[in-house]
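Asks: Below you'll find work_39.txt; it's compact mmCIF, C-alpha atoms.
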```txt
# COMPACT_ATOMS: atom_id res chain seq x y z
CA MET A 1 0.52 17.32 -2.90
CA GLU A 2 -2.93 15.81 -3.45
CA THR A 3 -3.86 18.53 -5.92
CA ASP A 4 -0.64 17.93 -7.81
CA ASP A 5 -1.21 14.18 -7.71
CA GLY A 6 -4.66 14.54 -9.23
CA GLU A 7 -3.41 16.77 -12.03
CA TRP A 8 -0.36 14.62 -12.68
CA LEU A 9 -2.41 11.44 -12.76
CA ALA A 10 -4.94 12.97 -15.15
CA MET A 11 -2.13 14.10 -17.45
CA ALA A 12 -0.39 10.73 -17.15
CA ALA A 13 -3.65 9.01 -18.09
CA ALA A 14 -3.61 11.14 -21.24
CA GLY A 15 -0.14 9.76 -21.98
CA ASP A 16 2.04 12.48 -20.46
CA GLU A 17 5.10 10.59 -19.24
CA ALA A 18 6.69 13.66 -17.67
CA SER A 19 3.70 14.03 -15.34
CA PHE A 20 4.07 10.41 -14.38
CA GLY A 21 7.72 11.14 -13.66
CA SER A 22 6.59 13.85 -11.25
CA ILE A 23 4.44 11.28 -9.44
CA VAL A 24 7.38 8.87 -9.20
CA ARG A 25 9.73 11.52 -7.87
CA ALA A 26 7.20 12.78 -5.35
CA HIS A 27 6.49 9.36 -3.84
CA GLN A 28 9.58 7.21 -4.38
CA GLU A 29 11.42 8.05 -1.17
CA ARG A 30 8.53 7.23 1.11
CA LEU A 31 7.78 4.00 -0.73
CA LEU A 32 11.43 2.94 -0.74
CA GLY A 33 11.54 3.58 3.00
CA TYR A 34 8.61 1.24 3.54
CA ALA A 35 9.82 -1.48 1.17
CA GLU A 36 13.39 -1.56 2.44
CA ARG A 37 12.25 -1.85 6.04
CA MET A 38 9.74 -4.55 5.18
CA LEU A 39 11.91 -6.60 2.83
CA GLY A 40 15.25 -6.01 4.54
CA SER A 41 17.09 -5.44 1.28
CA ARG A 42 17.73 -2.35 -0.78
CA ASP A 43 17.67 -4.27 -4.07
CA SER A 44 14.38 -6.00 -3.29
CA ALA A 45 12.94 -2.64 -2.24
CA LEU A 46 14.00 -1.00 -5.51
CA ASP A 47 12.40 -3.84 -7.49
CA ALA A 48 9.18 -3.69 -5.46
CA VAL A 49 8.81 0.09 -5.79
CA GLN A 50 9.57 -0.02 -9.51
CA GLU A 51 6.89 -2.69 -9.90
CA THR A 52 4.47 -0.50 -7.94
CA PHE A 53 4.89 2.40 -10.34
CA LEU A 54 4.69 0.14 -13.38
CA ARG A 55 1.39 -1.26 -12.14
CA LEU A 56 0.10 2.27 -11.65
CA TRP A 57 1.27 3.25 -15.14
CA GLY A 58 -0.31 0.16 -16.69
CA ALA A 59 -3.67 0.95 -15.07
CA ARG A 60 -3.43 4.75 -14.95
CA HIS A 61 -6.78 5.17 -16.75
CA ARG A 62 -8.60 3.35 -14.00
CA TYR A 63 -7.19 5.16 -10.99
CA SER A 64 -7.98 8.53 -9.54
CA ALA A 65 -6.12 10.39 -6.81
CA GLU A 66 -9.35 11.03 -4.95
CA GLY A 67 -8.64 8.75 -1.99
CA GLY A 68 -5.02 9.93 -1.92
CA LEU A 69 -2.42 8.69 -4.36
CA ASP A 70 0.04 8.06 -1.52
CA ARG A 71 -2.43 5.65 0.04
CA LEU A 72 -3.11 3.93 -3.26
CA LEU A 73 0.60 3.50 -4.00
CA LEU A 74 1.21 2.19 -0.50
CA CYS A 75 -1.57 -0.39 -0.94
CA ILE A 76 -0.09 -1.57 -4.25
CA LEU A 77 3.41 -1.74 -2.75
CA ARG A 78 2.17 -3.49 0.37
CA ASN A 79 0.61 -6.26 -1.72
CA ILE A 80 3.83 -6.65 -3.68
CA CYS A 81 5.89 -6.83 -0.48
CA LEU A 82 3.53 -9.33 1.15
CA ASP A 83 3.71 -11.54 -1.95
CA GLU A 84 7.49 -11.27 -1.83
CA LEU A 85 7.60 -12.15 1.87
CA ARG A 86 5.28 -15.12 1.29
CA LYS A 87 7.67 -16.41 -1.37
CA ALA A 88 10.81 -15.67 0.63
CA PRO A 89 10.24 -14.90 4.33
CA LEU A 90 12.98 -12.97 6.09
CA ARG A 91 15.44 -15.39 7.59
CA GLY A 92 18.42 -14.81 9.80
CA HIS A 93 19.22 -11.34 8.56
CA GLU A 94 22.47 -11.13 10.43
CA LEU A 95 20.61 -11.35 13.71
CA THR A 96 23.61 -12.23 15.77
CA GLU A 97 23.66 -11.21 19.38
CA GLY A 98 26.87 -9.33 18.77
CA VAL A 99 25.10 -6.89 16.52
CA PHE A 100 23.01 -5.68 19.42
CA ASP A 101 25.94 -5.19 21.73
CA ARG A 102 27.27 -1.74 22.04
CA SER A 103 30.91 -1.81 21.22
CA PRO A 104 32.85 1.38 21.85
CA GLY A 105 33.47 2.88 18.44
CA PRO A 106 36.40 5.06 17.50
CA ASP A 107 34.15 8.01 16.82
CA ALA A 108 30.58 9.22 16.87
CA GLU A 109 30.08 8.38 13.20
CA ALA A 110 31.06 4.75 13.68
CA SER A 111 28.86 4.58 16.74
CA GLY A 112 25.97 6.00 14.72
CA ARG A 113 26.49 3.40 12.01
CA ALA A 114 26.55 0.63 14.58
CA LEU A 115 23.34 1.89 16.19
CA ARG A 116 21.71 2.10 12.77
CA GLN A 117 22.68 -1.50 12.09
CA ALA A 118 21.46 -2.63 15.50
CA VAL A 119 18.09 -0.94 14.97
CA ARG A 120 17.83 -2.40 11.46
CA CYS A 121 18.39 -5.93 12.75
CA ALA A 122 16.06 -5.45 15.70
CA VAL A 123 13.24 -4.11 13.52
CA LEU A 124 13.68 -6.84 10.90
CA ALA A 125 13.52 -9.45 13.64
CA LEU A 126 10.07 -8.26 14.76
CA PRO A 127 7.14 -10.52 13.87
CA PRO A 128 5.84 -9.35 10.45
CA GLU A 129 2.56 -7.91 11.75
CA GLN A 130 4.40 -5.90 14.44
CA ARG A 131 7.08 -4.85 11.99
CA GLU A 132 4.55 -3.50 9.52
CA VAL A 133 2.75 -1.44 12.15
CA PHE A 134 6.08 -0.18 13.48
CA VAL A 135 7.35 0.78 10.02
CA LEU A 136 4.13 2.58 9.09
CA THR A 137 3.92 4.54 12.32
CA GLN A 138 7.60 5.10 13.06
CA TYR A 139 9.09 5.74 9.64
CA LEU A 140 6.16 6.77 7.48
CA GLY A 141 4.57 8.82 10.23
CA LEU A 142 1.10 7.36 9.85
CA THR A 143 -1.31 7.86 12.73
CA TYR A 144 -2.96 4.82 14.32
CA PRO A 145 -6.24 5.37 12.39
CA GLU A 146 -4.32 5.83 9.11
CA THR A 147 -2.35 2.66 9.81
CA ALA A 148 -5.54 0.77 10.66
CA ASP A 149 -7.08 2.01 7.41
CA THR A 150 -4.05 0.88 5.41
CA LEU A 151 -3.97 -2.55 7.03
CA GLY A 152 -7.72 -3.02 7.22
CA CYS A 153 -7.71 -3.73 10.95
CA PRO A 154 -9.10 -2.03 14.08
CA VAL A 155 -7.22 0.89 15.63
CA ASN A 156 -6.89 -1.09 18.87
CA THR A 157 -4.98 -3.78 16.99
CA VAL A 158 -2.58 -1.16 15.68
CA ALA A 159 -2.10 0.20 19.21
CA SER A 160 -1.37 -3.21 20.69
CA ARG A 161 1.02 -4.19 17.88
CA ARG A 162 2.86 -0.90 18.15
CA HIS A 163 3.13 -1.34 21.92
CA ALA A 164 4.42 -4.91 21.54
CA ALA A 165 6.93 -3.81 18.89
CA VAL A 166 8.35 -1.03 21.09
CA MET A 167 8.62 -3.44 24.02
CA THR A 168 10.50 -5.98 21.89
CA LEU A 169 12.85 -3.31 20.55
CA ARG A 170 13.44 -2.09 24.06
CA ARG A 171 14.61 -5.56 25.04
CA ARG A 172 16.82 -5.94 21.98
CA LEU A 173 18.35 -2.50 22.17
CA ARG A 174 19.02 -2.52 25.92
CA SER A 175 22.74 -2.05 25.54
CA TRP A 176 22.12 1.01 23.34
CA THR A 177 19.57 2.75 25.46
CA GLY A 178 21.60 2.50 28.62
CA GLU A 179 19.04 0.27 30.29
CA GLU A 180 20.39 -2.28 32.72
CA GLU A 181 19.81 -5.97 32.02
CA MET B 1 -5.09 4.75 37.44
CA THR B 2 -2.77 1.83 38.23
CA CYS B 3 0.83 1.45 37.10
CA GLU B 4 -0.21 -1.47 34.91
CA SER B 5 -2.87 0.43 33.01
CA THR B 6 -0.58 3.46 32.71
CA MET B 7 2.24 1.40 31.24
CA ALA B 8 -0.15 -0.13 28.73
CA ARG B 9 -0.87 3.41 27.46
CA LEU B 10 2.62 4.88 27.53
CA VAL B 11 3.52 4.10 23.92
CA ALA B 12 0.24 5.51 22.63
CA ASP B 13 0.80 8.56 24.84
CA LEU B 14 4.29 9.06 23.41
CA ASP B 15 2.81 8.77 19.93
CA GLY B 16 0.21 11.41 20.72
CA GLU B 17 -2.59 8.94 20.06
CA LEU B 18 -4.50 9.27 23.32
CA THR B 19 -7.48 11.54 23.66
CA PRO B 20 -6.83 14.68 25.75
CA GLU B 21 -8.79 13.09 28.61
CA GLU B 22 -6.81 9.83 28.49
CA SER B 23 -3.58 11.74 28.23
CA ALA B 24 -4.49 13.85 31.28
CA VAL B 25 -5.14 10.70 33.31
CA VAL B 26 -1.73 9.31 32.32
CA ARG B 27 -0.09 12.64 33.16
CA ASP B 28 -1.74 12.71 36.59
CA HIS B 29 -0.40 9.24 37.33
CA LEU B 30 3.09 10.08 36.10
CA ALA B 31 3.16 13.11 38.39
CA THR B 32 2.97 10.82 41.39
CA CYS B 33 4.74 7.66 40.18
CA GLU B 34 8.48 7.65 39.74
CA SER B 35 8.73 4.14 38.25
CA CYS B 36 6.19 4.94 35.52
CA ARG B 37 8.06 8.17 34.77
CA ALA B 38 11.27 6.16 34.39
CA GLU B 39 9.44 3.69 32.18
CA ARG B 40 8.16 6.47 29.94
CA LEU B 41 11.64 7.94 29.64
CA GLN B 42 13.00 4.54 28.67
CA LEU B 43 10.38 4.01 25.96
CA GLU B 44 11.02 7.50 24.65
CA THR B 45 14.70 6.63 24.33
CA VAL B 46 13.88 3.45 22.40
CA VAL B 47 11.57 5.27 19.99
CA ARG B 48 14.19 7.97 19.46
CA ALA B 49 16.93 5.39 18.89
CA ALA B 50 14.74 3.63 16.29
CA ALA B 51 14.96 6.74 14.12
CA ALA B 52 18.63 5.84 13.53
CA TRP B 53 17.58 3.45 10.76
CA ASP B 54 17.35 5.89 7.91
CA THR B 55 17.25 4.79 4.29
CA ASP B 56 19.10 6.26 1.36
CA ALA B 57 17.32 8.29 -1.29
CA SER B 58 17.40 7.05 -4.88
CA ASP B 59 15.92 8.40 -8.07
CA ILE B 60 14.25 5.44 -9.72
CA TRP B 61 12.45 7.48 -12.39
CA PRO B 62 14.99 6.72 -15.17
CA THR B 63 14.61 2.98 -14.50
CA VAL B 64 10.83 3.19 -14.26
CA HIS B 65 10.68 5.30 -17.41
CA GLY B 66 12.74 2.77 -19.32
CA ALA B 67 10.56 -0.11 -18.12
CA MET B 68 7.34 1.77 -18.97
CA GLN B 69 8.08 1.45 -22.66
CA SER B 70 7.58 -2.30 -22.44
CA VAL B 71 4.35 -2.11 -20.46
CA GLY B 72 1.45 -3.17 -22.69
CA PRO B 73 -2.07 -1.80 -22.56
CA ASP B 74 -3.96 -2.30 -19.34
CA PRO B 75 -5.34 -5.87 -19.45
CA VAL B 76 -8.57 -4.77 -17.77
CA LEU B 77 -9.09 -2.09 -20.39
CA GLN B 78 -8.43 -4.64 -23.11
CA GLU B 79 -11.02 -6.94 -21.58
CA LEU B 80 -13.49 -4.07 -21.33
CA ARG B 81 -12.99 -3.22 -24.98
CA ALA B 82 -13.53 -6.86 -25.96
CA MET B 83 -16.71 -6.93 -23.85
CA ARG B 84 -17.99 -3.77 -25.51
CA ALA B 85 -17.42 -5.28 -28.95
CA GLU B 86 -19.22 -8.44 -27.86
CA ILE B 87 -22.16 -6.44 -26.51
CA ALA B 88 -22.40 -4.50 -29.77
CA THR B 89 -22.51 -7.76 -31.74
CA LEU B 90 -25.17 -9.19 -29.43
CA ARG B 91 -27.28 -6.03 -29.86
CA GLU B 92 -27.15 -6.39 -33.62
CA GLU B 93 -28.17 -10.04 -33.39
CA ILE B 94 -31.08 -9.20 -31.06
CA ALA B 95 -32.22 -6.42 -33.39
CA ALA B 96 -32.14 -8.84 -36.35
CA LEU B 97 -34.14 -11.44 -34.40
CA ARG B 98 -36.73 -8.80 -33.48
CA ARG B 99 -37.03 -7.72 -37.10
CA ASP B 100 -37.66 -11.35 -38.16
CA ALA B 101 -40.25 -11.90 -35.42
CA ARG B 102 -42.20 -8.70 -36.19
CA PRO B 103 -45.63 -9.48 -37.90
CA GLY B 104 -45.55 -7.92 -41.35
CA PRO B 105 -47.91 -8.30 -44.31
CA PRO B 106 -47.80 -12.10 -44.87
CA ALA B 107 -46.78 -13.26 -48.32
CA LEU B 108 -49.70 -15.66 -48.35
CA VAL B 109 -52.25 -12.88 -48.04
CA ALA B 110 -50.54 -10.94 -50.75
CA GLY B 111 -50.56 -14.11 -52.91
CA ARG B 112 -54.27 -14.64 -52.43
CA LEU B 113 -54.91 -11.07 -53.38
CA LEU B 114 -52.93 -11.61 -56.53
CA LEU B 115 -54.97 -14.74 -57.25
CA ALA B 116 -58.21 -12.88 -56.77
CA PHE B 117 -57.29 -10.49 -59.50
CA ALA B 118 -55.77 -13.11 -61.81
CA PRO B 119 -57.57 -13.76 -65.13
CA ALA B 120 -59.66 -16.94 -65.11
CA ASP B 121 -57.84 -18.56 -68.04
CA GLU B 122 -54.44 -18.38 -66.44
CA PRO B 123 -53.17 -21.51 -64.64
CA ALA B 124 -53.84 -21.52 -60.92
CA LEU B 125 -50.90 -20.56 -58.71
CA THR B 126 -50.02 -22.84 -55.86
CA ILE B 127 -49.30 -20.90 -52.76
CA MET B 128 -47.14 -22.65 -50.20
```
Go through the file and emit its structure as structure tokens.
Replies:
Amino acid sequence: METDDGEWLAMAAAGDEASFGSIVRAHQERLLGYAERMLGSRDSALDAVQETFLRLWGARHRYSAEGGLDRLLLCILRNICLDELRKAPLRGHELTEGVFDRSPGPDAEASGRALRQAVRCAVLALPPEQREVFVLTQYLGLTYPETADTLGCPVNTVASRRHAAVMTLRRRLRSWTGEEE
Amino acid sequence: MTCESTMARLVADLDGELTPEESAVVRDHLATCESCRAERLQLETVVRAAAAWDTDASDIWPTVHGAMQSVGPDPVLQELRAMRAEIATLREEIAALRRDARPGPPALVAGRLLLAFAPADEPALTIM
């Protein structure tokens, strides 16, 4: 991937739009996963990721894939998301108690959808600094050191935020995990 | 190791983030402590349940490609180019100033030389 990124970026810098398209297609899913879980909205996530790629395109001559293009794109997107959250912090987000309650669904698919929704609400309700660590480690698969590097904080901070996030989710998802109150 | 310190490390242990030595200490404690084992199982269930929030895939390349056409030149590059042009102009100005300041054969000396060879009946030249 990194080799491809380097070649694609070099070709994009020379004006090759198709190579830039390869970069977009290789990274979009991961970036959308981060943005949607940070911003809580698919539309906002699509806007943020599009803006990320446009910023990269606009400054493609200045960037290299040496430090990892995935890391660079994540840093650009993170700044965009943080700006967005500063302007419009997540509020409410359908965080009704009922959402967390396990209601017997007619089938496994409905039950899966309900669990998905419960997890979504529980994760979005996490304090932003815990949510970010949880999203990076849980959904993007970053290690603690990689997460610390991305956030510019000590590894111990990542560990304690991740621990706190899991504990909060445990409390909120009690009815789903079969844990007694 | 106490239950308290074990529980504080359970999430990192589940994530595979402990060193082999730390992990072994946690494992040793779990082997003898039923409540910590139950706690670990519970946290594992939570982490597994969290995977239920998947996100849909989308191809945003057509949208990005369309928007790229309206992206202007990189503003930093533009500024760099302007700075280069400014530096080139400054270099020319400095070179011109150096040329002017360089001591050359003064006109006065040349004038006096001319006077020295001028015929005596010609009117005297005033050199400024």
Asks: Hey, which bits of chain A sit within 8 Å of chain B, and for each residue what's the closest pair of atoms and how far apart in Å (one decimal), counting all atoms listed in the file, rows by chain and increasing number, as JSON lines?
Replies:
```
{"residue": "A:Glu17", "atom": "CA", "partner": "B:His65", "partner_atom": "CA", "distance": 7.9}
{"residue": "A:Gly21", "atom": "CA", "partner": "B:Trp61", "partner_atom": "CA", "distance": 6.1}
{"residue": "A:Val24", "atom": "CA", "partner": "B:Trp61", "partner_atom": "CA", "distance": 6.1}
{"residue": "A:Arg25", "atom": "CA", "partner": "B:Trp61", "partner_atom": "CA", "distance": 6.6}
{"residue": "A:Gln28", "atom": "CA", "partner": "B:Ile60", "partner_atom": "CA", "distance": 7.3}
{"residue": "A:Glu29", "atom": "CA", "partner": "B:Ala57", "partner_atom": "CA", "distance": 5.9}
{"residue": "A:Leu32", "atom": "CA", "partner": "B:Thr55", "partner_atom": "CA", "distance": 7.9}
{"residue": "A:Gly33", "atom": "CA", "partner": "B:Thr55", "partner_atom": "CA", "distance": 6.0}
{"residue": "A:Glu36", "atom": "CA", "partner": "B:Thr55", "partner_atom": "CA", "distance": 7.7}
{"residue": "A:Leu46", "atom": "CA", "partner": "B:Ile60", "partner_atom": "CA", "distance": 7.7}
{"residue": "A:Gln50", "atom": "CA", "partner": "B:Val64", "partner_atom": "CA", "distance": 5.9}
{"residue": "A:Phe53", "atom": "CA", "partner": "B:Val64", "partner_atom": "CA", "distance": 7.2}
{"residue": "A:Leu54", "atom": "CA", "partner": "B:Met68", "partner_atom": "CA", "distance": 6.4}
{"residue": "A:Trp57", "atom": "CA", "partner": "B:Met68", "partner_atom": "CA", "distance": 7.3}
{"residue": "A:Gly58", "atom": "CA", "partner": "B:Asp74", "partner_atom": "CA", "distance": 5.1}
{"residue": "A:Ala59", "atom": "CA", "partner": "B:Asp74", "partner_atom": "CA", "distance": 5.4}
{"residue": "A:Gly112", "atom": "CA", "partner": "B:Ala52", "partner_atom": "CA", "distance": 7.4}
{"residue": "A:Leu115", "atom": "CA", "partner": "B:Ala52", "partner_atom": "CA", "distance": 6.7}
{"residue": "A:Arg116", "atom": "CA", "partner": "B:Trp53", "partner_atom": "CA", "distance": 4.8}
{"residue": "A:Gln117", "atom": "CA", "partner": "B:Trp53", "partner_atom": "CA", "distance": 7.2}
{"residue": "A:Val119", "atom": "CA", "partner": "B:Ala50", "partner_atom": "CA", "distance": 5.8}
{"residue": "A:Arg120", "atom": "CA", "partner": "B:Trp53", "partner_atom": "CA", "distance": 5.9}
{"residue": "A:Gln138", "atom": "CA", "partner": "B:Ala51", "partner_atom": "CA", "distance": 7.6}
{"residue": "A:Tyr139", "atom": "CA", "partner": "B:Ala51", "partner_atom": "CA", "distance": 7.5}
{"residue": "A:Thr143", "atom": "CA", "partner": "B:Glu17", "partner_atom": "CA", "distance": 7.5}
{"residue": "A:Tyr144", "atom": "CA", "partner": "B:Glu17", "partner_atom": "CA", "distance": 7.1}
{"residue": "A:Ala159", "atom": "CA", "partner": "B:Ala12", "partner_atom": "CA", "distance": 6.7}
{"residue": "A:Arg162", "atom": "CA", "partner": "B:Val11", "partner_atom": "CA", "distance": 7.7}
{"residue": "A:His163", "atom": "CA", "partner": "B:Val11", "partner_atom": "CA", "distance": 5.8}
{"residue": "A:Val166", "atom": "CA", "partner": "B:Val47", "partner_atom": "CA", "distance": 7.2}
{"residue": "A:Met167", "atom": "CA", "partner": "B:Leu43", "partner_atom": "CA", "distance": 7.9}
{"residue": "A:Leu169", "atom": "CA", "partner": "B:Val46", "partner_atom": "CA", "distance": 7.1}
{"residue": "A:Arg170", "atom": "CA", "partner": "B:Val46", "partner_atom": "CA", "distance": 5.8}
{"residue": "A:Leu173", "atom": "CA", "partner": "B:Val46", "partner_atom": "CA", "distance": 7.4}
{"residue": "A:Thr177", "atom": "CA", "partner": "B:Thr45", "partner_atom": "CA", "distance": 6.3}
{"residue": "A:Glu179", "atom": "CA", "partner": "B:Gln42", "partner_atom": "CA", "distance": 7.6}
```
Asks: One number please: CA of Arg55 (chain A) to CA of Arg78 (chain A), in Å, one decimal.
Replies: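 CA of Arg55 (chain A) sits 12.7 Å away from CA of Arg78 (chain A).
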Asks: Could you tell me how far CA of Ser19 (chain A) lies from CA of Leu69 (chain A), in Å and to one decimal?
Replies: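 We find that CA of Ser19 (chain A) and CA of Leu69 (chain A) lie 13.7 Å from each other.
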Asks: Rounded to one decimal in Å, what is the spacing between CA of Asp4 (chain A) and CA of Thr52 (chain A)?
Replies: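 Computed distance, CA of Asp4 (chain A) to CA of Thr52 (chain A), equals 19.1 Å.
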Asks: Show me, as a PyMOL selection string, the residues that have an atom within 8 Å of region 23-36 of chain B when counting all atoms listed in the file, minus same-chain residues fewer than 2 positions from it.
Replies: chain B and resi 1-3+6-7+9-10+13+18-21+38-40
Asks: Up to 10 Å from (4.5, -4.9, 19.0) in the file's coordinates: name the residues, counting all atoms listed in the file, as a PDB file with C-alpha atoms, in the frame of the given file.
Replies:
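Output contents, as saved in part_35.pdb:
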```pdb
ATOM      1  CA  LEU A 126      10.070  -8.260  14.760  1.00  0.00           C
ATOM      2  CA  PRO A 127       7.140 -10.520  13.870  1.00  0.00           C
ATOM      3  CA  PRO A 128       5.840  -9.350  10.450  1.00  0.00           C
ATOM      4  CA  GLU A 129       2.560  -7.910  11.750  1.00  0.00           C
ATOM      5  CA  GLN A 130       4.400  -5.900  14.440  1.00  0.00           C
ATOM      6  CA  ARG A 131       7.080  -4.850  11.990  1.00  0.00           C
ATOM      7  CA  GLU A 132       4.550  -3.500   9.520  1.00  0.00           C
ATOM      8  CA  VAL A 133       2.750  -1.440  12.150  1.00  0.00           C
ATOM      9  CA  PHE A 134       6.080  -0.180  13.480  1.00  0.00           C
ATOM     10  CA  THR A 157      -4.980  -3.780  16.990  1.00  0.00           C
ATOM     11  CA  VAL A 158      -2.580  -1.160  15.680  1.00  0.00           C
ATOM     12  CA  ALA A 159      -2.100   0.200  19.210  1.00  0.00           C
ATOM     13  CA  SER A 160      -1.370  -3.210  20.690  1.00  0.00           C
ATOM     14  CA  ARG A 161       1.020  -4.190  17.880  1.00  0.00           C
ATOM     15  CA  ARG A 162       2.860  -0.900  18.150  1.00  0.00           C
ATOM     16  CA  HIS A 163       3.130  -1.340  21.920  1.00  0.00           C
ATOM     17  CA  ALA A 164       4.420  -4.910  21.540  1.00  0.00           C
ATOM     18  CA  ALA A 165       6.930  -3.810  18.890  1.00  0.00           C
ATOM     19  CA  VAL A 166       8.350  -1.030  21.090  1.00  0.00           C
ATOM     20  CA  MET A 167       8.620  -3.440  24.020  1.00  0.00           C
ATOM     21  CA  THR A 168      10.500  -5.980  21.890  1.00  0.00           C
ATOM     22  CA  LEU A 169      12.850  -3.310  20.550  1.00  0.00           C
TER      23      LEU A 169
END
```
Asks: B:Leu14, B:Leu90, B:Ala101, B:Leu41: which is nearest Gly178 (chain A), counting only C-alpha atoms?
Replies: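 Closest residue, counting only C-alpha atoms: B:Leu41.
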Asks: With distances taken over all atoms listed in the file, which of A:Asp149, A:Arg174, A:Gly40, A:Phe20 is nearest to Pro89 (chain A)?
Replies: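 The answer is A:Gly40, which sits nearest to Pro89 (chain A).
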Asks: First collect every listed atom of region 134-143 of chain A; then fit an axis-aligned box around them, widen it by 4 Å on each side, and give centre and edge lengths in Å to one decimal, as JSON.
Replies:
```
{"center_x": 3.9, "center_y": 4.3, "center_z": 10.5, "size_x": 18.4, "size_y": 17.0, "size_z": 14.0}
```
Asks: Would you list the contacts of Gly6 (chain A) as a CSV table (one decimal) with C-alpha atoms, keeping the file's coordinate frame, taking every protein, DNA or RNA residue within 12 Å and counting all atoms listed in the file, but skipping same-chain residues closer than 2 positions in sequence?
Replies:
```
chain,number,residue,atom,x,y,z
A,1,MET,CA,0.5,17.3,-2.9
A,2,GLU,CA,-2.9,15.8,-3.4
A,3,THR,CA,-3.9,18.5,-5.9
A,4,ASP,CA,-0.6,17.9,-7.8
A,8,TRP,CA,-0.4,14.6,-12.7
A,9,LEU,CA,-2.4,11.4,-12.8
A,10,ALA,CA,-4.9,13.0,-15.2
A,11,MET,CA,-2.1,14.1,-17.4
A,12,ALA,CA,-0.4,10.7,-17.2
A,13,ALA,CA,-3.6,9.0,-18.1
A,19,SER,CA,3.7,14.0,-15.3
A,20,PHE,CA,4.1,10.4,-14.4
A,22,SER,CA,6.6,13.8,-11.2
A,23,ILE,CA,4.4,11.3,-9.4
A,60,ARG,CA,-3.4,4.8,-15.0
A,63,TYR,CA,-7.2,5.2,-11.0
A,64,SER,CA,-8.0,8.5,-9.5
A,65,ALA,CA,-6.1,10.4,-6.8
A,66,GLU,CA,-9.4,11.0,-5.0
A,67,GLY,CA,-8.6,8.8,-2.0
A,68,GLY,CA,-5.0,9.9,-1.9
A,69,LEU,CA,-2.4,8.7,-4.4
A,70,ASP,CA,0.0,8.1,-1.5
```
Asks: Could region 33-37 of chain B be completed with all heavy atoms and returned as a PDB file, keeping the file's coordinate frame?
Replies:
```pdb
ATOM      1  N   CYS B  33       4.126   8.984  40.222  1.00  0.00           N
ATOM      2  CA  CYS B  33       4.740   7.660  40.180  1.00  0.00           C
ATOM      3  C   CYS B  33       6.105   7.707  39.495  1.00  0.00           C
ATOM      4  O   CYS B  33       6.187   7.877  38.269  1.00  0.00           O
ATOM      5  CB  CYS B  33       3.818   6.672  39.468  1.00  0.00           C
ATOM      6  SG  CYS B  33       4.521   5.013  39.377  1.00  0.00           S
ATOM      7  N   GLU B  34       7.121   7.536  40.271  1.00  0.00           N
ATOM      8  CA  GLU B  34       8.480   7.650  39.740  1.00  0.00           C
ATOM      9  C   GLU B  34       8.821   6.505  38.786  1.00  0.00           C
ATOM     10  O   GLU B  34       9.471   6.708  37.767  1.00  0.00           O
ATOM     11  CB  GLU B  34       9.480   7.679  40.897  1.00  0.00           C
ATOM     12  CG  GLU B  34      10.850   8.123  40.449  1.00  0.00           C
ATOM     13  CD  GLU B  34      11.828   8.178  41.614  1.00  0.00           C
ATOM     14  OE1 GLU B  34      11.364   8.321  42.768  1.00  0.00           O
ATOM     15  OE2 GLU B  34      13.034   8.066  41.368  1.00  0.00           O
ATOM     16  N   SER B  35       8.370   5.285  39.109  1.00  0.00           N
ATOM     17  CA  SER B  35       8.730   4.140  38.250  1.00  0.00           C
ATOM     18  C   SER B  35       8.067   4.255  36.882  1.00  0.00           C
ATOM     19  O   SER B  35       8.657   3.909  35.856  1.00  0.00           O
ATOM     20  CB  SER B  35       8.372   2.817  38.940  1.00  0.00           C
ATOM     21  OG  SER B  35       6.983   2.687  39.047  1.00  0.00           O
ATOM     22  N   CYS B  36       6.854   4.758  36.828  1.00  0.00           N
ATOM     23  CA  CYS B  36       6.190   4.940  35.520  1.00  0.00           C
ATOM     24  C   CYS B  36       6.859   6.066  34.729  1.00  0.00           C
ATOM     25  O   CYS B  36       6.939   6.015  33.510  1.00  0.00           O
ATOM     26  CB  CYS B  36       4.693   5.208  35.697  1.00  0.00           C
ATOM     27  SG  CYS B  36       3.767   3.704  36.069  1.00  0.00           S
ATOM     28  N   ARG B  37       7.327   7.077  35.442  1.00  0.00           N
ATOM     29  CA  ARG B  37       8.060   8.170  34.770  1.00  0.00           C
ATOM     30  C   ARG B  37       9.341   7.619  34.143  1.00  0.00           C
ATOM     31  O   ARG B  37       9.675   7.929  33.002  1.00  0.00           O
ATOM     32  CB  ARG B  37       8.409   9.270  35.762  1.00  0.00           C
ATOM     33  CG  ARG B  37       7.323  10.306  35.940  1.00  0.00           C
ATOM     34  CD  ARG B  37       7.905  11.633  36.468  1.00  0.00           C
ATOM     35  NE  ARG B  37       8.699  11.495  37.677  1.00  0.00           N
ATOM     36  CZ  ARG B  37       8.198  11.467  38.923  1.00  0.00           C
ATOM     37  NH1 ARG B  37       6.905  11.578  39.105  1.00  0.00           N
ATOM     38  NH2 ARG B  37       8.986  11.346  39.973  1.00  0.00           N
TER      39      ARG B  37
END
```
